[in-house]
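Novice: My structure is in start-v4.cif, and what it holds is mmCIF, C-alpha atoms and all ligand atoms:
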data_run
#
loop_
_atom_site.label_atom_id
_atom_site.label_comp_id
_atom_site.auth_asym_id
_atom_site.auth_seq_id
_atom_site.Cartn_x
_atom_site.Cartn_y
_atom_site.Cartn_z
CA MET A 9 35.57 -25.32 -20.40
CA SER A 10 38.08 -22.68 -21.44
CA LEU A 11 38.48 -19.52 -19.44
CA ARG A 12 37.25 -17.59 -22.43
CA GLU A 13 34.00 -19.56 -22.26
CA LYS A 14 33.78 -19.02 -18.51
CA LEU A 15 34.19 -15.28 -19.00
CA LYS A 16 31.52 -15.41 -21.66
CA ALA A 17 29.22 -17.26 -19.25
CA LEU A 18 30.00 -14.66 -16.60
CA GLU A 19 29.13 -11.91 -19.04
CA GLU A 20 25.85 -13.66 -19.77
CA LEU A 21 25.19 -14.10 -16.06
CA GLN A 22 25.72 -10.40 -15.54
CA GLN A 23 23.25 -9.54 -18.29
CA ILE A 24 20.68 -11.96 -16.90
CA ASP A 25 21.08 -10.51 -13.39
CA LEU A 26 20.62 -6.97 -14.74
CA ASP A 27 17.50 -8.12 -16.60
CA VAL A 28 16.16 -9.73 -13.41
CA THR A 29 16.75 -6.49 -11.51
CA GLY A 30 15.00 -4.55 -14.25
CA VAL A 31 11.96 -6.84 -14.32
CA ARG A 32 11.72 -6.83 -10.51
CA GLY A 33 11.94 -3.04 -10.49
CA GLU A 34 9.08 -2.78 -12.96
CA ALA A 35 7.05 -5.38 -11.05
CA GLU A 36 7.46 -3.36 -7.86
CA GLY A 37 5.47 -0.55 -9.45
CA ILE A 38 2.39 -2.77 -9.81
CA PRO A 39 1.20 -2.89 -6.17
CA VAL A 40 1.94 0.85 -5.91
CA ARG A 41 -0.28 1.55 -8.94
CA ARG A 42 -2.98 -0.78 -7.58
CA ALA A 43 -3.05 1.20 -4.33
CA GLU A 44 -3.36 4.46 -6.30
CA ILE A 45 -6.30 3.06 -8.27
CA ASP A 46 -7.99 1.89 -5.06
CA ALA A 47 -7.49 5.34 -3.52
CA VAL A 48 -9.08 7.11 -6.51
CA LEU A 49 -12.04 4.70 -6.38
CA ALA A 50 -12.44 5.20 -2.64
CA VAL A 51 -12.66 8.98 -3.13
CA ALA A 52 -15.30 8.62 -5.86
CA LYS A 53 -17.25 6.11 -3.74
CA LYS A 54 -17.14 8.44 -0.75
CA ALA A 55 -18.42 11.37 -2.83
CA TYR A 56 -21.29 9.19 -4.06
CA GLU A 57 -22.13 7.95 -0.55
CA ALA A 58 -22.09 11.51 0.79
CA GLU A 59 -24.57 12.66 -1.89
CA LYS A 60 -26.72 9.64 -1.22
CA SER A 61 -26.87 10.27 2.49
CA ARG A 62 -27.70 13.97 1.88
CA ILE A 63 -30.69 12.97 -0.21
CA GLU A 64 -31.74 10.37 2.38
CA ASP A 65 -31.62 13.05 5.10
CA ASN A 66 -33.72 15.31 2.90
CA GLU A 67 -36.30 12.56 2.33
CA ARG A 68 -36.45 11.68 6.01
CA GLU A 69 -36.99 15.31 6.94
CA ARG A 70 -39.76 15.67 4.36
CA ARG A 71 -41.55 12.56 5.63
CA GLN A 72 -41.43 13.91 9.20
CA ILE A 73 -42.79 17.32 8.17
CA GLU A 74 -45.48 15.72 6.00
CA SER A 75 -46.74 13.51 8.78
CA LEU A 76 -46.67 16.39 11.29
CA LEU A 77 -48.37 18.69 8.82
CA GLY A 78 -51.10 16.11 8.20
CA MET A 79 -51.89 15.97 11.91
CA GLU A 80 -51.81 19.75 12.28
CA ARG A 81 -54.16 20.20 9.33
CA ASP A 82 -56.61 17.67 10.80
CA LYS A 83 -56.47 19.61 14.04
CA VAL A 84 -57.23 22.89 12.26
CA LYS A 85 -60.19 21.22 10.48
CA LYS A 86 -61.54 19.95 13.79
CA TRP A 87 -61.21 23.41 15.34
CA GLU A 88 -62.92 25.01 12.34
CA SER A 89 -65.89 22.64 12.63
CA ARG A 90 -66.09 23.45 16.32
CA LEU A 91 -66.33 27.21 15.62
CA GLY A 92 -70.06 26.90 14.69
CA ASP A 93 -70.89 25.38 18.09
CA ILE A 94 -69.23 28.15 20.09
CA LYS A 95 -71.67 30.31 22.02
CA THR A 96 -69.62 33.23 23.34
CA PRO A 97 -67.77 35.75 21.19
CA ARG A 98 -64.80 35.55 23.56
CA GLU A 99 -64.38 31.82 23.07
CA TYR A 100 -64.94 32.27 19.35
CA ALA A 101 -62.20 34.89 19.15
CA ALA A 102 -59.82 32.73 21.18
CA LEU A 103 -60.31 29.67 18.98
CA SER A 104 -60.11 31.79 15.83
CA ARG A 105 -56.77 33.11 17.01
CA GLU A 106 -55.55 29.55 17.67
CA ILE A 107 -56.67 28.50 14.21
CA ASP A 108 -54.91 31.50 12.71
CA ILE A 109 -51.64 30.70 14.46
CA ALA A 110 -51.86 27.02 13.49
CA ARG A 111 -52.55 27.91 9.85
CA LYS A 112 -49.55 30.21 9.73
CA THR A 113 -47.36 27.51 11.24
CA ASN A 114 -48.71 25.01 8.70
CA ASP A 115 -48.08 27.43 5.85
CA SER A 116 -44.50 27.91 6.87
CA GLN A 117 -44.09 24.13 7.23
CA SER A 118 -45.47 23.52 3.77
CA GLU A 119 -43.17 26.24 2.43
CA GLN A 120 -40.24 24.40 4.01
CA LEU A 121 -41.51 21.20 2.41
CA ARG A 122 -41.46 22.92 -0.99
CA GLN A 123 -37.92 24.14 -0.44
CA LEU A 124 -36.76 20.67 0.62
CA ALA A 125 -38.42 19.14 -2.44
CA SER A 126 -36.74 21.60 -4.74
CA ALA A 127 -33.38 21.03 -3.02
CA ALA A 128 -33.94 17.29 -3.54
CA ILE A 129 -34.20 17.81 -7.30
CA GLU A 130 -30.73 19.40 -7.34
CA MET A 131 -29.37 16.72 -4.99
CA ARG A 132 -30.75 14.01 -7.24
CA ARG A 133 -28.98 15.63 -10.19
CA VAL A 134 -25.67 15.74 -8.28
CA LEU A 135 -26.20 12.15 -7.12
CA ASP A 136 -26.77 10.95 -10.68
CA ALA A 137 -23.64 12.77 -11.87
CA SER A 138 -21.59 11.30 -9.08
CA ALA A 139 -23.00 7.81 -9.81
CA ASP A 140 -21.94 8.27 -13.45
CA ALA A 141 -18.49 9.46 -12.38
CA LEU A 142 -18.18 6.50 -10.04
CA SER A 143 -19.14 3.88 -12.61
CA GLU A 144 -16.86 5.51 -15.17
CA LYS A 145 -13.98 5.34 -12.69
CA GLU A 146 -14.87 1.76 -11.79
CA MET A 147 -14.77 0.72 -15.43
CA ALA A 148 -11.45 2.47 -16.05
CA ALA A 149 -10.08 0.95 -12.84
CA LYS A 150 -11.16 -2.54 -13.82
CA GLU A 151 -9.55 -2.15 -17.22
CA GLU A 152 -6.29 -0.95 -15.73
CA LEU A 153 -6.30 -3.58 -12.96
CA ASP A 154 -6.79 -6.30 -15.58
CA ALA A 155 -3.86 -4.89 -17.57
CA LEU A 156 -1.76 -4.82 -14.41
CA SER A 157 -2.58 -8.47 -13.70
CA ARG A 158 -1.55 -9.39 -17.23
CA ARG A 159 1.71 -7.47 -16.82
CA GLU A 160 2.31 -9.16 -13.49
CA ALA A 161 1.83 -12.59 -15.08
CA ASP A 162 4.15 -11.54 -17.89
CA PHE A 163 6.82 -10.45 -15.40
CA ALA A 164 6.49 -13.75 -13.55
CA THR A 165 6.97 -15.66 -16.82
CA ARG A 166 10.02 -13.57 -17.72
CA LEU A 167 11.52 -14.09 -14.27
CA ARG A 168 11.02 -17.87 -14.56
CA GLU A 169 12.71 -17.86 -17.97
CA LEU A 170 15.58 -15.73 -16.67
CA ASP A 171 15.95 -18.09 -13.71
CA VAL A 172 16.32 -21.07 -16.04
CA ARG A 173 18.86 -19.22 -18.20
CA ARG A 174 20.71 -18.08 -15.09
CA GLY A 175 21.02 -21.68 -13.91
CA GLU A 176 22.50 -22.66 -17.27
CA ALA A 177 24.98 -19.79 -17.28
CA ALA A 178 25.97 -20.35 -13.65
CA ARG A 179 26.71 -24.01 -14.33
CA LYS A 180 29.38 -22.94 -16.84
CA VAL A 181 31.23 -20.87 -14.23
CA ASP A 182 33.20 -22.67 -11.50
CA PRO A 183 32.00 -22.15 -7.90
CA ALA A 184 35.00 -20.05 -6.83
CA LEU A 185 34.56 -17.62 -9.71
CA LEU A 186 30.79 -17.58 -9.15
CA GLY A 187 31.37 -16.75 -5.48
CA ARG A 188 33.70 -13.93 -6.44
CA TYR A 189 31.13 -12.65 -8.92
CA GLU A 190 28.33 -12.65 -6.30
CA ASN A 191 30.57 -10.95 -3.77
CA ILE A 192 31.57 -8.10 -6.10
CA LYS A 193 27.99 -7.77 -7.32
CA ARG A 194 26.81 -7.11 -3.78
CA ARG A 195 29.40 -4.42 -3.21
CA ARG A 196 29.34 -2.79 -6.66
CA ALA A 197 25.71 -1.82 -7.27
CA GLY A 198 24.83 -5.09 -9.00
CA ILE A 199 27.59 -4.98 -11.59
CA ALA A 200 30.42 -7.42 -10.93
CA VAL A 201 31.79 -8.03 -14.38
CA CYS A 202 32.23 -5.65 -17.27
CA PRO A 203 33.99 -5.38 -20.59
CA VAL A 204 37.00 -3.23 -21.32
CA VAL A 205 36.58 -1.41 -24.59
CA GLY A 206 39.73 0.13 -25.96
CA ASN A 207 41.54 0.73 -22.66
CA THR A 208 38.42 1.84 -20.79
CA CYS A 209 36.70 -0.20 -18.08
CA ARG A 210 32.95 0.04 -18.74
CA GLY A 211 32.27 -0.39 -15.04
CA CYS A 212 33.97 2.78 -13.85
CA ASN A 213 34.74 4.43 -17.20
CA ARG A 214 38.40 4.85 -16.31
CA ASN A 215 41.38 3.64 -18.25
CA ILE A 216 43.32 0.57 -17.25
CA PRO A 217 47.11 0.25 -17.74
CA PRO A 218 48.02 -0.74 -21.33
CA GLN A 219 49.86 -3.86 -20.11
CA LEU A 220 46.65 -5.09 -18.49
CA SER A 221 44.85 -4.53 -21.79
CA LEU A 222 47.34 -6.86 -23.45
CA VAL A 223 46.78 -9.51 -20.75
CA LEU A 224 43.00 -9.22 -21.22
CA ARG A 225 43.28 -9.80 -24.94
CA ARG A 226 44.72 -13.25 -24.28
CA ALA A 227 41.59 -14.08 -22.22
CA ASP A 228 43.35 -16.81 -20.30
CA SER A 229 43.20 -15.29 -16.81
CA VAL A 230 40.60 -13.66 -14.59
CA GLU A 231 41.57 -10.01 -14.07
CA SER A 232 40.14 -7.17 -12.00
CA CYS A 233 39.90 -3.49 -12.75
CA PRO A 234 42.51 -1.69 -10.61
CA ASN A 235 40.01 1.16 -10.10
CA CYS A 236 36.67 -0.47 -9.34
CA ASN A 237 37.78 -4.07 -8.60
CA ARG A 238 35.19 -5.52 -10.95
CA ILE A 239 36.06 -8.57 -12.99
CA ILE A 240 37.04 -7.29 -16.43
CA TYR A 241 37.44 -8.90 -19.80
CA SER A 242 38.31 -7.75 -23.25
CA ALA A 243 35.10 -7.33 -25.21
CA GLU A 244 36.96 -8.21 -28.41
CA ALA A 245 38.64 -11.31 -27.04
CA VAL A 246 35.54 -12.79 -25.41
CA ASN A 247 33.15 -11.86 -28.20
CA PRO A 248 35.31 -11.70 -31.31
CA PRO A 249 33.52 -9.96 -34.19
CA ALA A 250 32.09 -12.50 -36.60
CA ALA A 251 34.31 -13.07 -39.59
CA THR A 252 33.01 -11.11 -42.55
CA GLY A 253 33.32 -11.67 -46.27
ZN ZN B 1 36.63 -0.35 -13.50
#
Could you write out this structure as structure tokens?
Ligand SMILES: [Zn+2]
Specialist:
Amino acid sequence: MSLREKLKALEELQQIDLDVTGVRGEAEGIPVRRAEIDAVLAVAKKAYEAEKSRIEDNERERRQIESLLGMERDKVKKWESRLGDIKTPREYAALSREIDIARKTNDSQSEQLRQLASAAIEMRRVLDASADALSEKEMAAKEELDALSRREADFATRLRELDVRRGEAARKVDPALLGRYENIKRRRAGIAVCPVVGNTCRGCNRNIPPQLSLVLRRADSVESCPNCNRIIYSAEAVNPPAATG
């Protein structure tokens, strides 16, 4: 394998590694987005549960008042029937007063019952709206979660393909050069090898000495950028423009 071909393989390796980083970066966003969706759903669910428990409290309170009111009304009826049997005006007045007080209490209890019932109508309306909002959010969430799963599967497929291509490219580079590549990649933000276009290193965007440019054009040695230490190659020499005409 000529050095030119090795440099070409190195260039390919670099592109594959950048693609892998890009795909991994995008894939990292998926669990983050999933957590956001779950959080939105949890809020909607909580709002629904809160409305539901308000209406349950209201119903419980109404049942209690109703059962109490039933007993109190029976009591008043009993007292009223007893009025006819009373012999002394004093006792009659006393029982009448009791009946009066009990009736007033019952009236205010049944007024409270009416208020609770009318509050329940509004609560039911809010509950229905929040159930609608919840199911709407659940549907949207399901749709987005399904799309995220598809994207995740797509990323996994792309990473497997890149891994295969990487193996092929790496096999074309000898182990020493591959080691050097990996080493520089770790220290130079993932970019270990870059083309020189004109006299400019594309890794650091600074010019290299003109003599080095001439050496690169021969493409028969591995050279480093004097500024950023990345492996450099002449874009023209490694990828000569296709002959035209
Ligand atoms: Zn450079």
Novice: Just the residues within 7 Å of region 125-137 of chain A, please, counting all atoms listed in the file, with nothing from its chain fewer than 5 positions along; format it as JSON, numbers by chain.
Specialist: {"A": [56, 59, 60, 63, 66]}
Novice: Contacts of Ile192 (chain A) at 12 Å or less, counting all atoms listed in the file, minus same-chain residues fewer than 3 places along, as a list in words?
Specialist: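 Those residues are Gln22, Leu185, Leu186, Gly187, Arg188, Tyr189, Arg195, Arg196, Ala197, Gly198, Ile199, Ala200, Val201, Cys202, Gly211, Ser232, Cys233, Cys236, Asn237, Arg238, Ile239 and Ile240 of chain A.
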Novice: Give the answer as one residue: which of A:Leu76, A:Val51, A:Leu91, A:Val172 has the shortest atom-to-atom distance to Val28 (chain A), using only C-alpha atoms?
Specialist: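 The closest residue to Val28 (chain A) is A:Val172.
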Novice: Counting only C-alpha atoms and all ligand atoms, which of A:Ala227, A:Ser242, A:Ile107, A:Arg210 gets nearest to ligand ZN 1 (chain B)?
Specialist: A:Arg210
Novice: Can you work out which one of A:Val246, A:Asp65, A:Pro217, A:Cys209 has the shortest atom-to-atom distance to ligand ZN 1 (chain B), counting all atoms listed in the file?
Specialist: A:Cys209
Novice: Hey, what's within 9 Å of Ala243 (chain A) if we count only C-alpha atoms and toss same-chain stuff fewer than 4 positions away? As an MDAnalysis selection string, please?
Specialist: chainID A and resid 202:206 225 247:248
Novice: Find, counting all atoms listed in the file, the residue in A:Ala55, A:Ala35, A:Ala47, A:Leu18 that gets nearest to Asp140 (chain A).
Specialist: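 Closest candidate: A:Ala55.
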Novice: One decimal, in Å: what's the spacing between CA of Ala50 (chain A) and CA of Leu142 (chain A)?
Specialist: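 It comes out at 9.5 Å.
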Novice: I'd like the interatomic distance between CA of Ser143 (chain A) and CA of Ala161 (chain A), to a tenth of an Å.
Specialist: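 According to the coordinates, CA of Ser143 (chain A) and CA of Ala161 (chain A) are separated by 26.8 Å.
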Novice: Would you mind telling me which residue in A:Ala102, A:Val230, A:Leu26, A:Gly33 lies nearest to Ala184 (chain A) when using only C-alpha atoms?
Specialist: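 For Ala184 (chain A), the nearest of the candidates is A:Val230.
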Novice: Find the distance between CA of Glu88 (chain A) and CA of Thr113 (chain A) and write it in Å to one decimal.
Specialist: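 Straight-line distance from CA of Glu88 (chain A) to CA of Thr113 (chain A) works out to 15.8 Å.
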Novice: Determine the nearest neighbour of Glu190 (chain A) from the options A:Ala178, A:Glu67, A:Thr165, A:Ala245, counting all atoms listed in the file.
Specialist: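 Closest residue, counting all atoms listed in the file: A:Ala178.
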Novice: With N, CA and C atoms as the goal, would you fill in the gaps in region 44-62 of chain A and present it as an mmCIF file, in the frame of the given file?
Specialist:
data_model
loop_
_atom_site.group_PDB
_atom_site.id
_atom_site.type_symbol
_atom_site.label_atom_id
_atom_site.label_comp_id
_atom_site.auth_asym_id
_atom_site.auth_seq_id
_atom_site.Cartn_x
_atom_site.Cartn_y
_atom_site.Cartn_z
ATOM 1 N N GLU A 44 -2.914 3.152 -5.795
ATOM 2 C CA GLU A 44 -3.360 4.460 -6.300
ATOM 3 C C GLU A 44 -4.775 4.345 -6.894
ATOM 4 N N ILE A 45 -4.984 3.281 -7.663
ATOM 5 C CA ILE A 45 -6.300 3.060 -8.270
ATOM 6 C C ILE A 45 -7.369 2.907 -7.184
ATOM 7 N N ASP A 46 -7.044 2.101 -6.164
ATOM 8 C CA ASP A 46 -7.990 1.890 -5.060
ATOM 9 C C ASP A 46 -8.312 3.210 -4.365
ATOM 10 N N ALA A 47 -7.290 4.061 -4.209
ATOM 11 C CA ALA A 47 -7.490 5.340 -3.520
ATOM 12 C C ALA A 47 -8.432 6.246 -4.329
ATOM 13 N N VAL A 48 -8.215 6.287 -5.639
ATOM 14 C CA VAL A 48 -9.080 7.110 -6.510
ATOM 15 C C VAL A 48 -10.527 6.616 -6.432
ATOM 16 N N LEU A 49 -10.698 5.285 -6.467
ATOM 17 C CA LEU A 49 -12.040 4.700 -6.380
ATOM 18 C C LEU A 49 -12.695 5.009 -5.044
ATOM 19 N N ALA A 50 -11.895 4.947 -3.975
ATOM 20 C CA ALA A 50 -12.440 5.200 -2.640
ATOM 21 C C ALA A 50 -12.959 6.632 -2.539
ATOM 22 N N VAL A 51 -12.235 7.572 -3.148
ATOM 23 C CA VAL A 51 -12.660 8.980 -3.130
ATOM 24 C C VAL A 51 -13.989 9.141 -3.870
ATOM 25 N N ALA A 52 -14.083 8.517 -5.064
ATOM 26 C CA ALA A 52 -15.300 8.620 -5.860
ATOM 27 C C ALA A 52 -16.481 7.960 -5.131
ATOM 28 N N LYS A 53 -16.210 6.828 -4.473
ATOM 29 C CA LYS A 53 -17.250 6.110 -3.740
ATOM 30 C C LYS A 53 -17.743 6.957 -2.571
ATOM 31 N N LYS A 54 -16.800 7.617 -1.900
ATOM 32 C CA LYS A 54 -17.140 8.440 -0.750
ATOM 33 C C LYS A 54 -18.005 9.633 -1.182
ATOM 34 N N ALA A 55 -17.646 10.230 -2.315
ATOM 35 C CA ALA A 55 -18.420 11.370 -2.830
ATOM 36 C C ALA A 55 -19.846 10.912 -3.133
ATOM 37 N N TYR A 56 -19.968 9.730 -3.741
ATOM 38 C CA TYR A 56 -21.290 9.190 -4.060
ATOM 39 C C TYR A 56 -22.086 8.925 -2.784
ATOM 40 N N GLU A 57 -21.447 8.275 -1.810
ATOM 41 C CA GLU A 57 -22.130 7.950 -0.550
ATOM 42 C C GLU A 57 -22.590 9.215 0.168
ATOM 43 N N ALA A 58 -21.747 10.259 0.114
ATOM 44 C CA ALA A 58 -22.090 11.510 0.790
ATOM 45 C C ALA A 58 -23.337 12.125 0.155
ATOM 46 N N GLU A 59 -23.397 12.116 -1.195
ATOM 47 C CA GLU A 59 -24.570 12.660 -1.890
ATOM 48 C C GLU A 59 -25.810 11.833 -1.553
ATOM 49 N N LYS A 60 -25.606 10.523 -1.493
ATOM 50 C CA LYS A 60 -26.720 9.640 -1.220
ATOM 51 C C LYS A 60 -27.270 9.884 0.184
ATOM 52 N N SER A 61 -26.384 10.088 1.128
ATOM 53 C CA SER A 61 -26.870 10.270 2.490
ATOM 54 C C SER A 61 -27.513 11.653 2.649
ATOM 55 N N ARG A 62 -27.050 12.659 1.857
ATOM 56 C CA ARG A 62 -27.700 13.970 1.880
ATOM 57 C C ARG A 62 -29.146 13.860 1.409
#
